[in-house]
Amino acid sequence: MFDGYESGGDFVPAFRLSVPGITGELYPHCESMENLAQMHVLGQGGFKLAQHFGLLGKDDAIADLVIGHDGHTAFFKFNMFLWFYEKFNNDVEAALQATRKLCVATIHAPQNGTIPRTKGEMVQQFYPEEAERLWGSFAQDFGRGSNALFVEMRTSNSTGVVSPIHLMVTGAEEKATSRQFSNSALNLLPDNIRVDDLKIYPDTVDAESWLGIATQLVLDRHFDGWRQNPGMFSQPNVVDSAVSSGDFRRDLAEAFSVQDEHLSQILKQYLPRVFNVEIPDNAIVFASLRRATQYKIGLLTSFLQHHKIFEEISQRLGRPIFYLFGGIAHKDDSSSIDALERLLNDISEINDEGGNFRADYLRDYDYYKAKWIFPGLSRRGCWVGATDPFSTRSQGTEAFGPSYLKSAMNGLYIMGSDDGGAGCLRNLPTVLIYGPATFAGETSFHNDLWSNPEIAKLSRFLLSSGFIRVFEKMATQISGDLDRFEKGRGSYAPGMDAKIRSMFHAISNYNGRVLMEEYLKETGR
């Protein structure tokens, strides 16, 4: 697969393993047999599939790097271990070393909010004979039940988090756990792994797949060879030359305008929406289009309760504000389907008022629609992240979310809580964080503060009120940019410097070439 990547190939085989009665349920309880059975299908079934294709589990195996994430491939790696265990005549240490040599693990941050999701007697349940012989090898302590996250890390040569914020959260959680402040505090990492051992393996997206076509042509014109060497955009002299170049800024502003007009036409003619609300050409656009899950939709719904304040902001700026939602709930996720229905009801009531703040919901949002939306929002859009660390206990460990990277590299403004992608990119000049921080120094919200319901309630209030303030600031910034664009002076837009710096940072630091080289370096290849 790496050879194909090196030669410019973009095809990576993907397989979906399905077993009737096991894989049909979404998000079964973390300690249920259904959850363990799904992991077993993925693990043992996936390993047998890899053997079938000669990738692993053979003396002349093709693959020499296995990447797993957040404990989901623990069974896969355990089956690799069992193959080596038999090959090396039941020598546990030799089998572990052979497995680790092939494997890298990534995690968001191992903390109390995520560990229960993957715990259970996984080894004992499906491999009772091996569990008796290997008792304690894949659990935190001798005689305790195995944990998928721990198995993932124990069978990997290198373990990494996907961003600096996840590393800091893990450190804060580790110190909070050592103080034993909370009765529910758990060991976060296996004994042989400490937070200081964790690497950073950044999440990535393919810039050429997600950058606007017009933007790519502008980069081609001004930065020859950037596609082969995207790392050039991390060099200060390259960034400074782009920011100070009048020709580049004019070309980029024109590209943003072309992509904006293109998206407007596509939305009118080809992308059906639930309410078909007209999007004025001079409107400020906010967007939240992601996988529709209850804990994200619930926060968006709470924000929309302040729609009269958004109306006031629109009146003050003299511009309409439009909020585009989208996403599909899994057909078996009933709580998310109900939350989506409530969101649609709220949008309908807001639109019925006929004000300057209006919203709509994109039908059947998918990969192909998204490829037009991100570039199309580069001129007047703000991407809104909506994870609630104070209700879900994610406290800074939410997934990075590739939507944030797609937004950053296309020049969108971004706002989000101190969690997930917004938290990871919080130092970019186009990113603003709303709400309180989820950790400070050695203090962890979950282990130190979660048990106080009044503090948790106050934190949720501050999250919502902070959203209003940042929403207003982003709307004001976009309005100032549009004043210049509408006068044909987009290159002088106040936010153009910030957009260029964020774009270059995202393209140069979060691409597949950077990540693959980091993996290979850490595994000695």
# chains A, B, ... in the order shown; residues from 1 in each chain; ligands from 1
>>> residues_around(residues="range 92-95 of chain A", least_positions_apart="2", cutoff="12 Å", atoms="only C-alpha atoms", output="PyMOL selection string")
chain A and resi 77-90+97-102+130+133-138+154-156
>>> write_last_selection(atoms="N, CA, C and O atoms", output="short mmCIF file (atom, residue, chain, number, x, y, z; two decimals), in the first residue's frame")
data_model
loop_
_atom_site.label_atom_id
_atom_site.label_comp_id
_atom_site.auth_asym_id
_atom_site.auth_seq_id
_atom_site.Cartn_x
_atom_site.Cartn_y
_atom_site.Cartn_z
N LYS A 77 -4.91 -7.22 16.37
CA LYS A 77 -3.53 -7.33 16.81
C LYS A 77 -3.33 -8.54 17.72
O LYS A 77 -2.26 -9.16 17.73
N PHE A 78 -4.35 -8.86 18.50
CA PHE A 78 -4.24 -10.05 19.35
C PHE A 78 -4.14 -11.31 18.50
O PHE A 78 -3.39 -12.24 18.83
N ASN A 79 -4.88 -11.36 17.38
CA ASN A 79 -4.77 -12.51 16.49
C ASN A 79 -3.41 -12.56 15.81
O ASN A 79 -2.87 -13.64 15.55
N MET A 80 -2.84 -11.39 15.52
CA MET A 80 -1.46 -11.37 15.04
C MET A 80 -0.52 -11.96 16.08
O MET A 80 0.36 -12.77 15.75
N PHE A 81 -0.72 -11.56 17.33
CA PHE A 81 0.11 -12.09 18.41
C PHE A 81 -0.01 -13.62 18.49
O PHE A 81 0.99 -14.33 18.65
N LEU A 82 -1.25 -14.14 18.41
CA LEU A 82 -1.44 -15.59 18.51
C LEU A 82 -0.73 -16.32 17.37
O LEU A 82 -0.19 -17.42 17.57
N TRP A 83 -0.70 -15.72 16.19
CA TRP A 83 0.01 -16.35 15.07
C TRP A 83 1.50 -16.43 15.38
O TRP A 83 2.14 -17.47 15.16
N PHE A 84 2.07 -15.35 15.89
CA PHE A 84 3.49 -15.37 16.26
C PHE A 84 3.74 -16.27 17.47
O PHE A 84 4.79 -16.91 17.57
N TYR A 85 2.77 -16.32 18.38
CA TYR A 85 2.89 -17.16 19.59
C TYR A 85 3.06 -18.63 19.19
O TYR A 85 3.91 -19.35 19.73
N GLU A 86 2.27 -19.06 18.22
CA GLU A 86 2.41 -20.43 17.72
C GLU A 86 3.71 -20.59 16.93
O GLU A 86 4.42 -21.60 17.07
N LYS A 87 4.05 -19.60 16.14
CA LYS A 87 5.27 -19.66 15.32
C LYS A 87 6.52 -19.78 16.19
O LYS A 87 7.47 -20.48 15.85
N PHE A 88 6.52 -19.08 17.33
CA PHE A 88 7.69 -19.07 18.20
C PHE A 88 7.53 -20.04 19.39
O PHE A 88 8.10 -19.81 20.47
N ASN A 89 6.75 -21.10 19.18
CA ASN A 89 6.64 -22.18 20.17
C ASN A 89 6.23 -21.67 21.55
O ASN A 89 6.87 -21.97 22.57
N ASN A 90 5.17 -20.89 21.57
CA ASN A 90 4.56 -20.40 22.81
C ASN A 90 5.48 -19.50 23.63
O ASN A 90 5.35 -19.41 24.86
N GLN A 97 7.14 -9.13 20.89
CA GLN A 97 8.11 -8.28 20.19
C GLN A 97 7.87 -8.31 18.68
O GLN A 97 7.99 -7.29 18.00
N ALA A 98 7.56 -9.48 18.13
CA ALA A 98 7.30 -9.58 16.70
C ALA A 98 6.04 -8.80 16.31
O ALA A 98 5.99 -8.16 15.25
N THR A 99 5.03 -8.86 17.18
CA THR A 99 3.80 -8.11 16.92
C THR A 99 4.05 -6.61 16.99
O THR A 99 3.64 -5.84 16.12
N ARG A 100 4.75 -6.21 18.05
CA ARG A 100 5.01 -4.78 18.25
C ARG A 100 5.83 -4.19 17.11
O ARG A 100 5.67 -3.02 16.75
N LYS A 101 6.71 -4.98 16.56
CA LYS A 101 7.56 -4.49 15.48
C LYS A 101 6.73 -4.02 14.29
O LYS A 101 7.12 -3.12 13.55
N LEU A 102 5.56 -4.61 14.11
CA LEU A 102 4.70 -4.30 12.97
C LEU A 102 3.69 -3.20 13.26
O LEU A 102 3.11 -2.64 12.33
N GLU A 130 -6.26 -19.57 25.58
CA GLU A 130 -5.14 -18.64 25.54
C GLU A 130 -5.15 -17.72 26.75
O GLU A 130 -4.10 -17.38 27.29
N ARG A 133 -3.49 -19.42 29.66
CA ARG A 133 -2.03 -19.51 29.52
C ARG A 133 -1.37 -18.13 29.59
O ARG A 133 -0.22 -18.02 30.03
N LEU A 134 -2.11 -17.09 29.14
CA LEU A 134 -1.52 -15.76 29.06
C LEU A 134 -2.08 -14.82 30.12
O LEU A 134 -2.02 -13.61 29.99
N TRP A 135 -2.56 -15.39 31.19
CA TRP A 135 -3.28 -14.61 32.20
C TRP A 135 -2.46 -13.41 32.64
O TRP A 135 -1.31 -13.52 33.07
N GLY A 136 -3.03 -12.22 32.53
CA GLY A 136 -2.35 -11.01 32.96
C GLY A 136 -1.55 -10.33 31.87
O GLY A 136 -1.18 -9.17 32.04
N SER A 137 -1.26 -11.00 30.77
CA SER A 137 -0.43 -10.39 29.75
C SER A 137 -1.14 -9.23 29.04
O SER A 137 -0.49 -8.32 28.54
N PHE A 138 -2.47 -9.27 29.01
CA PHE A 138 -3.21 -8.25 28.28
C PHE A 138 -4.21 -7.52 29.16
O PHE A 138 -5.18 -6.96 28.68
N ARG A 154 -0.41 -2.35 24.19
CA ARG A 154 0.59 -3.35 24.57
C ARG A 154 1.16 -4.08 23.35
O ARG A 154 2.29 -4.55 23.38
N THR A 155 0.38 -4.18 22.29
CA THR A 155 0.85 -4.91 21.11
C THR A 155 1.41 -3.97 20.05
O THR A 155 1.59 -4.37 18.90
N SER A 156 1.72 -2.73 20.41
CA SER A 156 2.22 -1.75 19.44
C SER A 156 3.60 -1.26 19.86
O SER A 156 3.87 -1.03 21.04
#
>>> select_by_dssp(residues="range 188-316 of chain A", states="alpha helix (DSSP H)", output="PyMOL selection string")
chain A and resi 207-210+213-222+236-244+246-269+294-304+307-316
>>> closest_atom_pairs(of="range 196-282 of chain A", to="range 411-435 of chain A", cutoff="12 Å", atoms="only C-alpha atoms", output="JSON lines")
{"residue": "A:Ile200", "atom": "CA", "partner": "A:Cys424", "partner_atom": "CA", "distance": 11.7}
{"residue": "A:Pro202", "atom": "CA", "partner": "A:Cys424", "partner_atom": "CA", "distance": 9.8}
{"residue": "A:Asp203", "atom": "CA", "partner": "A:Gly421", "partner_atom": "CA", "distance": 9.6}
{"residue": "A:Thr204", "atom": "CA", "partner": "A:Gly421", "partner_atom": "CA", "distance": 11.5}
{"residue": "A:Trp210", "atom": "CA", "partner": "A:Gly411", "partner_atom": "CA", "distance": 11.8}
{"residue": "A:Leu211", "atom": "CA", "partner": "A:Gly411", "partner_atom": "CA", "distance": 9.6}
{"residue": "A:Gly212", "atom": "CA", "partner": "A:Gly411", "partner_atom": "CA", "distance": 10.1}
{"residue": "A:Thr215", "atom": "CA", "partner": "A:Gly411", "partner_atom": "CA", "distance": 9.9}
{"residue": "A:Leu252", "atom": "CA", "partner": "A:Gly411", "partner_atom": "CA", "distance": 10.1}
{"residue": "A:Ala253", "atom": "CA", "partner": "A:Gly411", "partner_atom": "CA", "distance": 10.6}
{"residue": "A:Ala255", "atom": "CA", "partner": "A:Gly411", "partner_atom": "CA", "distance": 11.3}
{"residue": "A:Phe256", "atom": "CA", "partner": "A:Gly411", "partner_atom": "CA", "distance": 8.8}
{"residue": "A:Gln259", "atom": "CA", "partner": "A:Gly411", "partner_atom": "CA", "distance": 11.9}
{"residue": "A:Asp260", "atom": "CA", "partner": "A:Leu412", "partner_atom": "CA", "distance": 11.7}
>>> residues_around(residues="Asn356 in chain A", least_positions_apart="3", cutoff="9 Å", atoms="only C-alpha atoms", output="list of chain:residue names")
A:Phe310, A:Glu311, A:Glu312, A:Ser314, A:Gln315, A:Arg319, A:Pro320, A:Ile321, A:Phe322
>>> select_by_dssp(residues="range 236-424 of chain A", states="strand (DSSP E or B)", output="MDAnalysis selection string")
chainID A and resid 273 284:289 321:326 357:362 381:384 413:416
>>> atom_distance(atom1="CA of Gly298 in chain A", atom2="CA of Ser348 in chain A")
16.3 Å
>>> residues_around(residues="Pro402 in chain A", least_positions_apart="3", cutoff="7 Å", atoms="only C-alpha atoms", output="ChimeraX atom specification")
/A:205,405-406
